[in-house]
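One file, start.cif, is given below (mmCIF, C-alpha atoms).
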data_model
loop_
_atom_site.label_atom_id
_atom_site.label_comp_id
_atom_site.auth_asym_id
_atom_site.auth_seq_id
_atom_site.Cartn_x
_atom_site.Cartn_y
_atom_site.Cartn_z
CA MET A 207 0.00 0.00 0.00
CA GLU A 208 2.85 2.34 0.86
CA ASN A 209 4.54 1.65 -2.50
CA ILE A 210 1.31 2.44 -4.35
CA THR A 211 1.02 5.74 -2.48
CA LYS A 212 4.62 6.63 -3.36
CA LYS A 213 4.03 5.80 -7.03
CA LYS A 214 0.94 8.00 -7.10
CA ALA A 215 2.88 10.85 -5.51
CA THR A 216 5.68 10.41 -8.06
CA TRP A 217 3.30 10.47 -11.02
CA LYS A 218 1.57 13.51 -9.59
CA LEU A 219 4.92 15.29 -9.30
CA ILE A 220 5.80 14.34 -12.89
CA GLY A 221 2.45 15.65 -14.06
CA ASN A 222 2.94 18.96 -12.26
CA ILE A 223 6.43 19.34 -13.73
CA ALA A 224 5.08 18.58 -17.21
CA PHE A 225 2.38 21.20 -16.72
CA TRP A 226 4.90 23.90 -15.83
CA VAL A 227 7.16 22.88 -18.72
CA VAL A 228 4.24 23.22 -21.14
CA LEU A 229 3.32 26.56 -19.62
CA ALA A 230 6.93 27.74 -19.93
CA PHE A 231 7.04 26.72 -23.61
CA VAL A 232 3.85 28.61 -24.37
CA PHE A 233 5.01 31.67 -22.42
CA PHE A 234 8.42 31.62 -24.11
CA TYR A 235 6.88 31.39 -27.55
CA ALA A 236 4.38 34.16 -26.85
CA VAL A 237 7.04 36.55 -25.51
CA PHE A 238 9.57 35.68 -28.19
CA ALA A 239 7.11 35.95 -31.07
CA LEU A 240 5.59 39.15 -29.72
CA PHE A 241 8.77 41.06 -28.91
CA THR A 242 11.16 39.79 -31.59
CA LYS A 243 11.54 41.91 -34.68
CA GLN A 244 13.48 40.60 -37.64
CA ASP A 245 14.58 42.55 -40.68
CA GLU A 246 16.77 40.64 -43.11
CA ASN A 247 19.91 39.64 -41.15
CA SER A 248 19.12 41.94 -38.20
CA SER A 249 16.93 41.03 -35.24
CA SER A 250 15.82 42.75 -32.06
CA PHE A 251 14.46 41.24 -28.85
CA LEU A 252 13.35 43.39 -25.90
CA GLY A 253 15.61 46.22 -27.03
CA ILE A 254 18.66 44.00 -27.63
CA SER A 255 19.68 44.26 -31.28
CA THR A 256 21.85 41.68 -33.00
CA LEU A 257 23.22 41.19 -36.46
CA SER A 258 24.07 37.98 -38.26
CA VAL A 259 27.34 38.59 -40.11
CA GLN A 260 26.99 37.62 -43.77
CA SER A 261 30.55 38.04 -45.05
CA ASP A 262 34.20 38.05 -44.01
CA SER A 263 34.74 41.73 -44.85
CA MET A 264 35.48 42.46 -41.16
CA SER A 265 37.71 39.43 -40.62
CA PRO A 266 39.54 38.84 -38.32
CA THR A 267 37.51 41.14 -36.00
CA PHE A 268 34.44 39.01 -36.65
CA ASN A 269 33.64 36.52 -39.37
CA SER A 270 30.76 35.30 -41.48
CA GLY A 271 28.28 33.41 -39.32
CA ASP A 272 29.09 35.32 -36.12
CA LEU A 273 26.43 37.14 -34.12
CA ILE A 274 27.31 40.69 -33.11
CA PHE A 275 25.47 43.00 -30.70
CA VAL A 276 24.57 46.49 -31.84
CA ASP A 277 23.57 49.59 -29.87
CA THR A 278 20.78 51.39 -31.71
CA LYS A 279 20.64 54.42 -29.43
CA PHE A 280 23.41 56.81 -30.43
CA GLU A 281 24.08 60.32 -31.68
CA PHE A 282 25.70 60.91 -35.06
CA ALA A 283 27.89 63.59 -33.51
CA ASP A 284 29.27 61.02 -31.05
CA LEU A 285 30.49 58.64 -33.76
CA GLU A 286 34.23 58.60 -34.27
CA VAL A 287 36.73 57.21 -36.71
CA ASP A 288 37.45 53.54 -35.92
CA ASP A 289 33.89 52.90 -34.65
CA VAL A 290 32.19 49.93 -36.31
CA ILE A 291 28.74 50.90 -37.55
CA THR A 292 25.91 48.78 -38.93
CA TYR A 293 24.09 50.29 -41.88
CA LYS A 294 21.63 49.44 -44.64
CA THR A 295 23.10 48.64 -48.01
CA ILE A 296 22.07 47.06 -51.28
CA VAL A 297 23.77 43.90 -52.55
CA GLU A 298 23.26 42.18 -55.87
CA VAL A 299 22.93 38.40 -55.98
CA ASN A 300 22.31 36.59 -59.27
CA GLY A 301 21.10 39.78 -60.87
CA GLU A 302 18.68 40.62 -58.05
CA GLU A 303 19.14 43.36 -55.47
CA TYR A 304 18.64 42.73 -51.75
CA LEU A 305 18.61 45.10 -48.80
CA ILE A 306 20.84 43.87 -45.97
CA TYR A 307 22.62 45.26 -42.93
CA ASN A 308 26.38 45.50 -43.21
CA SER A 309 28.98 46.39 -40.57
CA HIS A 310 32.20 48.24 -41.37
CA ARG A 311 34.65 50.46 -39.58
CA ILE A 312 34.50 54.26 -39.98
CA THR A 313 37.60 55.60 -41.70
CA GLU A 314 36.46 59.18 -42.36
CA ILE A 315 33.64 61.50 -41.28
CA GLU A 316 32.32 64.47 -43.25
CA VAL A 317 29.63 66.95 -42.28
CA ILE A 318 27.95 68.59 -45.27
CA ASP A 319 25.19 71.13 -44.63
CA GLY A 320 24.59 69.69 -41.19
CA THR A 321 24.32 66.07 -42.37
CA TYR A 322 26.84 63.34 -41.69
CA TRP A 323 28.55 61.17 -44.29
CA PHE A 324 30.71 58.27 -43.18
CA THR A 325 33.36 56.54 -45.23
CA THR A 326 33.63 52.94 -44.08
CA ASP A 327 35.85 49.98 -44.83
CA GLY A 328 36.20 46.42 -43.61
CA ASP A 329 39.16 45.10 -41.64
CA ASN A 330 39.70 42.51 -44.36
CA PRO A 331 42.18 43.88 -46.95
CA LEU A 332 39.85 42.63 -49.70
CA ALA A 333 36.90 44.69 -48.41
CA VAL A 334 35.60 47.62 -50.45
CA GLU A 335 35.05 51.13 -49.12
CA GLU A 336 31.48 52.36 -48.83
CA LEU A 337 30.06 55.83 -48.32
CA VAL A 338 27.22 55.76 -45.78
CA PHE A 339 24.62 58.47 -45.24
CA GLN A 340 23.52 59.11 -41.66
CA SER A 341 19.93 57.94 -42.20
CA ASP A 342 21.17 54.52 -43.34
CA ILE A 343 22.94 53.79 -40.05
CA PHE A 344 21.20 51.19 -37.90
CA GLY A 345 23.53 51.06 -34.92
CA VAL A 346 27.02 50.86 -33.50
CA TRP A 347 28.80 47.62 -32.65
CA ASN A 348 29.42 47.50 -28.90
CA GLY A 349 32.30 45.02 -29.11
CA ARG A 350 30.33 41.92 -28.08
CA LYS A 351 29.90 38.91 -30.33
CA LEU A 352 28.95 35.23 -30.26
CA THR A 353 31.14 33.22 -32.58
CA GLY A 354 29.28 31.09 -35.09
CA LEU A 355 25.78 31.76 -33.72
CA GLY A 356 24.57 34.20 -36.37
CA ASN A 357 23.12 31.69 -38.81
CA PHE A 358 21.70 29.63 -35.96
CA THR A 359 19.91 32.68 -34.53
CA ASP A 360 18.41 33.61 -37.89
CA GLY A 361 17.28 30.03 -38.46
CA PHE A 362 15.85 29.72 -34.97
CA ILE A 363 13.83 32.93 -35.25
CA ASP A 364 12.51 31.89 -38.65
CA PHE A 365 11.59 28.47 -37.26
CA VAL A 366 9.84 29.84 -34.16
CA LYS A 367 7.73 32.18 -36.28
CA SER A 368 6.93 29.53 -38.89
CA PRO A 369 3.73 27.39 -38.92
CA ILE A 370 5.77 24.40 -37.72
CA GLY A 371 7.16 26.44 -34.84
CA PHE A 372 3.66 27.58 -33.93
CA PHE A 373 2.50 23.97 -33.97
CA LEU A 374 5.39 22.74 -31.81
CA PHE A 375 5.39 25.60 -29.31
CA ILE A 376 1.65 26.30 -29.05
CA VAL A 377 -0.61 23.64 -30.55
CA LEU A 378 1.30 20.55 -29.38
CA PRO A 379 1.93 21.74 -25.79
CA CYS A 380 -1.69 22.85 -25.44
CA PHE A 381 -2.89 19.52 -26.80
CA ALA A 382 -0.59 17.66 -24.39
CA PHE A 383 -1.88 19.77 -21.52
CA LEU A 384 -5.48 19.06 -22.57
CA VAL A 385 -4.80 15.32 -22.69
CA TYR A 386 -3.17 15.50 -19.26
CA GLU A 387 -6.17 17.33 -17.81
CA VAL A 388 -8.58 14.82 -19.39
CA ILE A 389 -6.60 11.95 -17.87
CA LYS A 390 -6.68 13.68 -14.49
CA PHE A 391 -10.43 14.21 -14.78
CA VAL A 392 -11.06 10.58 -15.76
CA LYS A 393 -8.91 9.42 -12.85
CA VAL A 394 -10.80 11.64 -10.40
CA VAL A 395 -14.15 10.33 -11.67
CA SER A 396 -12.87 6.75 -11.51
CA ASP A 397 -11.60 7.21 -7.95
CA TYR A 398 -14.91 8.78 -6.98
CA ASN A 399 -16.87 5.86 -8.43
CA VAL A 400 -14.63 3.36 -6.65
CA GLN A 401 -15.01 5.18 -3.35
CA LYS A 402 -18.75 5.46 -3.90
CA ALA A 403 -18.99 1.73 -4.66
CA VAL A 404 -16.94 0.89 -1.56
CA GLY A 405 -19.11 3.24 0.47
CA ASP A 406 -22.30 1.63 -0.86
CA GLN A 407 -20.98 -1.83 -0.04
CA THR A 408 -20.05 -0.70 3.45
CA ALA A 409 -23.50 0.80 3.94
CA LEU A 410 -25.14 -2.43 2.75
CA LYS A 411 -23.00 -4.47 5.13
CA GLU A 412 -23.86 -2.18 8.03
CA GLU A 413 -27.56 -2.42 7.16
CA ALA A 414 -27.35 -6.21 6.95
CA ILE A 415 -25.60 -6.34 10.32
CA LYS A 416 -28.30 -4.16 11.85
CA ILE A 417 -31.03 -6.41 10.45
CA ALA A 418 -29.24 -9.53 11.68
CA LYS A 419 -28.81 -7.99 15.13
CA ALA A 420 -32.47 -7.03 15.22
CA GLN A 421 -33.50 -10.56 14.25
CA LEU A 422 -31.17 -12.06 16.84
CA GLU A 423 -32.50 -9.76 19.54
CA ALA A 424 -36.07 -10.62 18.53
CA GLU A 425 -35.31 -14.34 18.72
CA GLN A 426 -33.65 -13.95 22.12
CA LEU A 427 -36.62 -11.94 23.39
CA ALA A 428 -39.03 -14.57 22.10
CA LYS A 429 -37.09 -17.31 23.89
CA GLN A 430 -37.11 -15.35 27.13
CA GLU A 431 -40.86 -14.81 26.88
CA ALA A 432 -41.34 -18.51 26.16
CA LYS A 433 -39.39 -19.44 29.29
CA VAL A 434 -41.56 -17.11 31.36
CA GLU A 435 -44.77 -18.61 29.97
CA GLU A 436 -43.80 -22.26 30.67
CA PRO A 437 -43.99 -22.06 34.54
CA LYS A 438 -47.38 -20.38 34.29
CA LYS A 439 -48.72 -23.25 32.19
CA GLU A 440 -47.45 -25.85 34.71
CA GLU A 441 -49.20 -24.05 37.61
CA ASN A 442 -52.46 -24.10 35.74
#
Step by step, read the file and then write its structure as structure tokens.
Amino acid sequence: MENITKKKATWKLIGNIAFWVVLAFVFFYAVFALFTKQDENSSSFLGISTLSVQSDSMSPTFNSGDLIFVDTKFEFADLEVDDVITYKTIVEVNGEEYLIYNSHRITEIEVIDGTYWFTTDGDNPLAVEELVFQSDIFGVWNGRKLTGLGNFTDGFIDFVKSPIGFFLFIVLPCFAFLVYEVIKFVKVVSDYNVQKAVGDQTALKEEAIKIAKAQLEAEQLAKQEAKVEEPKKEEN
């Protein structure tokens, strides 16, 4: 009996843990999907902006496939030569143009009629200089990076926001939770029916015992009355 009780307690604990895991998955998906913004190879989550590096133009500072962190709150007047800025640029692939975010180091700054122009170049000797207008700047690299996690981050965000991601993080956990609750409900009903049946049997037994006692008492009373009547008959 003690082992059965321990097993029930263990399964109950497992069920509670599973419930909180499902809830955590759903909460994570909701927060991530709601607060993550992705634009080409740039993404932002709760104010933290990152960039997936697409080329080796800044090698060896960071390489293609790395994930770099970018500060998006800055003043153009505070930018200096040697800062690494992230900016919008157009690249041509197989005859088609794509807008991406690129990161290069500032080599020269010009102010023309109150507007800033930045000449940039990569740390790789094979990189090409680019002239960047102030409105095209997305942010400034803060020196932090995660080696090799850029492509993984892009793929993960795409997956989470895809129909399959929605199914795995929302539909499947909710379905599992529903099944768990149905099983719990069925078990509660089953336990109730068992207890009710046991209670009914106990009540029937108690009623039968009462009837048997009443019959026994009646028989004993009848015998006593018969014994009292016998002397009276002999006297007569």
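Atom to atom, atom CA of A:Tyr304 and atom CA of A:Gln260 stand 12.6 Å apart.
Closest to A:Phe225 among A:Asp289, A:Glu412, A:Glu387, A:Asp397 is A:Glu387, based on only C-alpha atoms.
The coordinates place atom CA of A:Ile389 at 17.6 Å from atom CA of A:Val227.
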_I'd like the residues picked by the PyMOL selection byres ((chain A and resi 313) around 8) written out as JSON, numbers by chain, using the chain letters and numbers from the file._
{"A": [287, 288, 311, 312, 314, 315, 324, 325, 326, 327]}
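Atom CA of A:Tyr307 to atom CA of A:Tyr293 spans 5.3 Å [interatomic distance, one decimal].
Using only C-alpha atoms, the shortest contact distance between A:Ile274 and any of A:Lys419, A:Lys351, A:Lys402, A:Lys218 is found at A:Lys351.
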*Name all residues at most 7 Å from A:Gly328 (count only C-alpha atoms; drop same-chain ones fewer than 4 positions away) and give them as a ChimeraX atom specification.*
/A:263-264,310-311,333-334
Grab all the atoms of stretch 295-314 of chain A that the file lists, wrap them in a box along x, y and z, add 5 Å per side, and give me centre plus edge lengths in Å (one decimal) as AutoDock Vina command-line options.
--center_x 28.1 --center_y 47.9 --center_z -50.2 --size_x 29.0 --size_y 32.6 --size_z 31.3
*the PyMOL selection byres ((chain A and resi 276-279) around 9) applied to the shown file, residues as a PyMOL selection string*: chain A and resi 253-257+274-275+280-281+291-292+343-350
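Comparing the minimum interatomic distances between A:Val228 and each of A:Phe391, A:Cys380, A:Tyr386, A:Val400, counting all atoms listed in the file, we find that A:Cys380 sits nearest.
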*Output check: residues returned by the PyMOL selection byres ((chain A and resi 353) around 9), as a VMD selection string*: chain A and resid 268 to 269 271 to 274 351 to 352 354 to 356
Selected residues written out with C-alpha atoms, as a PDB file, in the frame of the given file:
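Listing of out_11.pdb after writing:
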ATOM      1  CA  PHE A 268      34.440  39.010 -36.650  1.00  0.00           C
ATOM      2  CA  ASN A 269      33.640  36.520 -39.370  1.00  0.00           C
ATOM      3  CA  GLY A 271      28.280  33.410 -39.320  1.00  0.00           C
ATOM      4  CA  ASP A 272      29.090  35.320 -36.120  1.00  0.00           C
ATOM      5  CA  LEU A 273      26.430  37.140 -34.120  1.00  0.00           C
ATOM      6  CA  ILE A 274      27.310  40.690 -33.110  1.00  0.00           C
ATOM      7  CA  LYS A 351      29.900  38.910 -30.330  1.00  0.00           C
ATOM      8  CA  LEU A 352      28.950  35.230 -30.260  1.00  0.00           C
ATOM      9  CA  GLY A 354      29.280  31.090 -35.090  1.00  0.00           C
ATOM     10  CA  LEU A 355      25.780  31.760 -33.720  1.00  0.00           C
ATOM     11  CA  GLY A 356      24.570  34.200 -36.370  1.00  0.00           C
TER      12      GLY A 356
END
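Using only C-alpha atoms, the contacts of stretch 321-323 of chain A at a cut-off of 10 Å, with sequence neighbours closer than 5 positions omitted, comprise Phe282, Ala283, Leu285, Glu314, Ile315, Glu316, Leu337, Val338, Phe339, Gln340, Ser341 and Asp342 of chain A.
Taking only C-alpha atoms into account, A:Ile296 lies nearest to A:Glu336 out of the set A:Val259, A:Ser265, A:Glu336, A:Val394.
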